[in-house]
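The structure file model_6.cif is reproduced below (mmCIF, C-alpha atoms).
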data_start
#
loop_
_atom_site.label_atom_id
_atom_site.label_comp_id
_atom_site.auth_asym_id
_atom_site.auth_seq_id
_atom_site.Cartn_x
_atom_site.Cartn_y
_atom_site.Cartn_z
CA MET A 25 60.85 -9.79 -52.43
CA PRO A 26 59.24 -6.58 -53.73
CA SER A 27 55.92 -5.76 -52.11
CA ARG A 28 54.01 -5.76 -55.44
CA ARG A 29 55.11 -9.32 -56.18
CA LEU A 30 54.12 -10.43 -52.69
CA GLU A 31 50.75 -8.74 -53.11
CA ARG A 32 50.17 -10.54 -56.44
CA LEU A 33 51.06 -13.88 -54.85
CA MET A 34 48.65 -13.25 -51.99
CA TRP A 35 45.86 -12.36 -54.45
CA ALA A 36 46.61 -15.46 -56.52
CA ASP A 37 46.40 -17.63 -53.39
CA ALA A 38 43.14 -16.00 -52.32
CA CYS A 39 41.59 -16.47 -55.78
CA GLU A 40 42.71 -20.09 -55.86
CA MET A 41 41.10 -20.74 -52.45
CA LEU A 42 37.84 -19.12 -53.63
CA ASP A 43 37.86 -21.29 -56.77
CA ARG A 44 38.45 -24.39 -54.64
CA ALA A 45 35.58 -23.45 -52.31
CA GLU A 46 33.26 -22.95 -55.28
CA ARG A 47 34.24 -26.36 -56.73
CA LEU A 48 33.52 -28.00 -53.37
CA HIS A 49 30.15 -26.24 -53.20
CA ARG A 50 29.24 -27.54 -56.66
CA GLN A 51 30.42 -31.02 -55.69
CA PHE A 52 28.14 -31.24 -52.65
CA TYR A 53 25.18 -29.27 -53.98
CA ARG A 54 23.85 -30.89 -57.12
CA PRO A 55 20.36 -29.83 -58.05
CA GLY A 56 18.57 -32.83 -59.39
CA PRO A 57 15.22 -33.66 -60.85
CA SER A 58 12.18 -32.85 -58.81
CA SER A 59 11.87 -35.58 -56.21
CA THR A 60 11.20 -36.20 -52.57
CA ILE A 61 14.88 -36.82 -51.85
CA PRO A 62 16.29 -33.72 -50.12
CA ASN A 63 19.08 -32.04 -52.05
CA TRP A 64 19.93 -29.18 -49.69
CA GLU A 65 19.81 -28.10 -46.04
CA PRO A 66 18.95 -24.58 -44.91
CA PRO A 67 21.16 -22.85 -42.34
CA VAL A 68 19.79 -22.68 -38.80
CA ASP A 69 20.52 -20.46 -35.80
CA VAL A 70 19.75 -22.08 -32.43
CA TYR A 71 19.23 -20.08 -29.24
CA GLN A 72 18.63 -21.73 -25.89
CA TRP A 73 17.36 -20.31 -22.60
CA SER A 74 15.83 -21.74 -19.45
CA GLU A 75 12.32 -22.12 -20.93
CA GLY A 76 13.26 -23.70 -24.23
CA ILE A 77 14.83 -23.12 -27.62
CA LEU A 78 14.35 -20.63 -30.44
CA LEU A 79 15.29 -21.76 -33.94
CA VAL A 80 15.66 -19.40 -36.89
CA ILE A 81 15.78 -21.24 -40.22
CA ALA A 82 16.71 -19.26 -43.35
CA LEU A 83 14.32 -20.19 -46.17
CA PRO A 84 14.36 -17.48 -48.85
CA GLY A 85 11.79 -18.08 -51.56
CA VAL A 86 10.00 -20.90 -49.72
CA GLU A 87 6.25 -20.54 -49.29
CA ALA A 88 5.55 -20.48 -45.54
CA GLU A 89 2.38 -22.57 -45.93
CA SER A 90 4.29 -25.42 -47.57
CA ILE A 91 6.69 -26.00 -44.66
CA GLU A 92 6.12 -29.17 -42.67
CA ILE A 93 7.43 -29.52 -39.13
CA GLN A 94 7.72 -32.78 -37.23
CA LEU A 95 8.69 -32.83 -33.57
CA ALA A 96 9.16 -36.22 -31.92
CA GLU A 97 10.96 -36.43 -28.59
CA ARG A 98 14.30 -34.66 -29.20
CA HIS A 99 14.13 -34.85 -32.99
CA LEU A 100 12.97 -31.92 -35.10
CA THR A 101 12.53 -32.22 -38.85
CA VAL A 102 11.62 -29.32 -41.13
CA HIS A 103 11.01 -29.92 -44.82
CA ALA A 104 9.44 -28.35 -47.90
CA ARG A 105 10.45 -27.32 -51.39
CA ARG A 106 11.88 -24.15 -52.86
CA ARG A 107 10.68 -23.91 -56.40
CA PHE A 108 12.98 -22.87 -59.20
CA PRO A 109 12.19 -19.27 -60.11
CA ASP A 110 9.75 -18.90 -63.00
CA ALA A 111 11.50 -18.47 -66.31
CA VAL A 112 11.39 -15.07 -67.91
CA PRO A 113 11.66 -15.07 -71.71
CA GLY A 114 15.02 -13.75 -72.86
CA LEU A 115 16.79 -14.18 -69.52
CA THR A 116 19.53 -16.70 -68.89
CA VAL A 117 20.84 -17.81 -65.52
CA GLN A 118 24.25 -16.33 -64.80
CA ARG A 119 24.64 -17.60 -61.26
CA LEU A 120 22.56 -19.66 -58.80
CA GLU A 121 23.66 -19.53 -55.19
CA ILE A 122 20.35 -19.97 -53.39
CA PRO A 123 19.50 -23.68 -53.55
CA PHE A 124 16.17 -24.91 -54.82
CA GLY A 125 14.31 -28.17 -54.77
CA HIS A 126 13.28 -30.36 -51.85
CA PHE A 127 15.03 -29.61 -48.58
CA GLU A 128 15.05 -31.26 -45.22
CA ARG A 129 16.74 -30.17 -42.02
CA ARG A 130 16.96 -32.56 -39.08
CA LEU A 131 18.12 -31.44 -35.66
CA ILE A 132 18.66 -33.31 -32.43
CA LEU A 133 17.60 -31.03 -29.61
CA PRO A 134 19.18 -30.84 -26.15
CA TYR A 135 17.77 -33.24 -23.58
CA GLY A 136 14.19 -32.54 -22.55
CA ARG A 137 10.65 -32.78 -23.93
CA TYR A 138 9.62 -29.93 -26.18
CA THR A 139 6.38 -28.58 -27.57
CA LEU A 140 6.04 -26.17 -30.45
CA GLN A 141 4.82 -23.00 -28.76
CA GLN A 142 4.89 -20.64 -31.73
CA ARG A 143 5.69 -20.66 -35.44
CA GLN A 144 6.36 -17.35 -37.21
CA TRP A 145 7.44 -16.38 -40.71
CA ILE A 146 9.60 -13.25 -40.58
CA ASP A 147 11.63 -11.85 -43.49
CA GLY A 148 12.11 -15.20 -45.23
CA CYS A 149 13.02 -17.01 -42.01
CA LEU A 150 11.00 -19.56 -40.09
CA HIS A 151 11.08 -18.87 -36.34
CA LEU A 152 10.21 -21.81 -34.12
CA ASP A 153 9.69 -21.33 -30.39
CA LEU A 154 10.06 -24.70 -28.68
CA ARG A 155 9.24 -24.81 -24.97
CA LEU A 156 10.24 -27.41 -22.45
CA ALA A 157 7.18 -29.46 -21.49
#
Would you write the structure of this file as structure tokens?
Amino acid sequence: MPSRRLERLMWADACEMLDRAERLHRQFYRPGPSSTIPNWEPPVDVYQWSEGILLVIALPGVEAESIEIQLAERHLTVHARRRFPDAVPGLTVQRLEIPFGHFERRLILPYGRYTLQQRQWIDGCLHLDLRLA
């Protein structure tokens, strides 16, 4: 098989996989009317060390003051709302990849009792320092 044909087939396969991934993303992320039902989950990085856990939650466009945190035993819940960007006359949306609307992220923490030591807002990310009690 000539290398150009093989290259075209590989590109076609790659494009098909990207299309399939985008269809799956649209299937599972459906922005709905404004409600209290969460319609997305932010990504979270979790770091653990001997004194506790550090969580970094990516929340671009979310107002830091609106974020609610609930910590009960080993269960952590973070929720708020990312508002849809204000409309600008004459502009149309070409692509939306950053979710908006009500979000909620629930995590079950490793065994132990934790207290929220520090809460920081850095570069669009919520940093939570949870210490073992």
Selection dump of the PyMOL selection byres ((chain A and resi 137-151) around 12), as a VMD selection string: chain A and resid 66 to 71 75 to 100 102 to 104 106 132 to 136 152 to 157
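The space between CA of Ala111 in chain A and CA of Leu42 in chain A spans 29.2 Å.
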For Phe127 in chain A: contacts at 6 Å, only C-alpha atoms, fewer than 5 positions along chain excluded, given as a PyMOL selection string: chain A and resi 62-65+103-105
CA of Glu46 in chain A to CA of Leu120 in chain A, straight-line distance in Å: 11.7 Å
Interatomic distance, CA of Arg44 in chain A to CA of Val117 in chain A (Å, one decimal): 21.7 Å
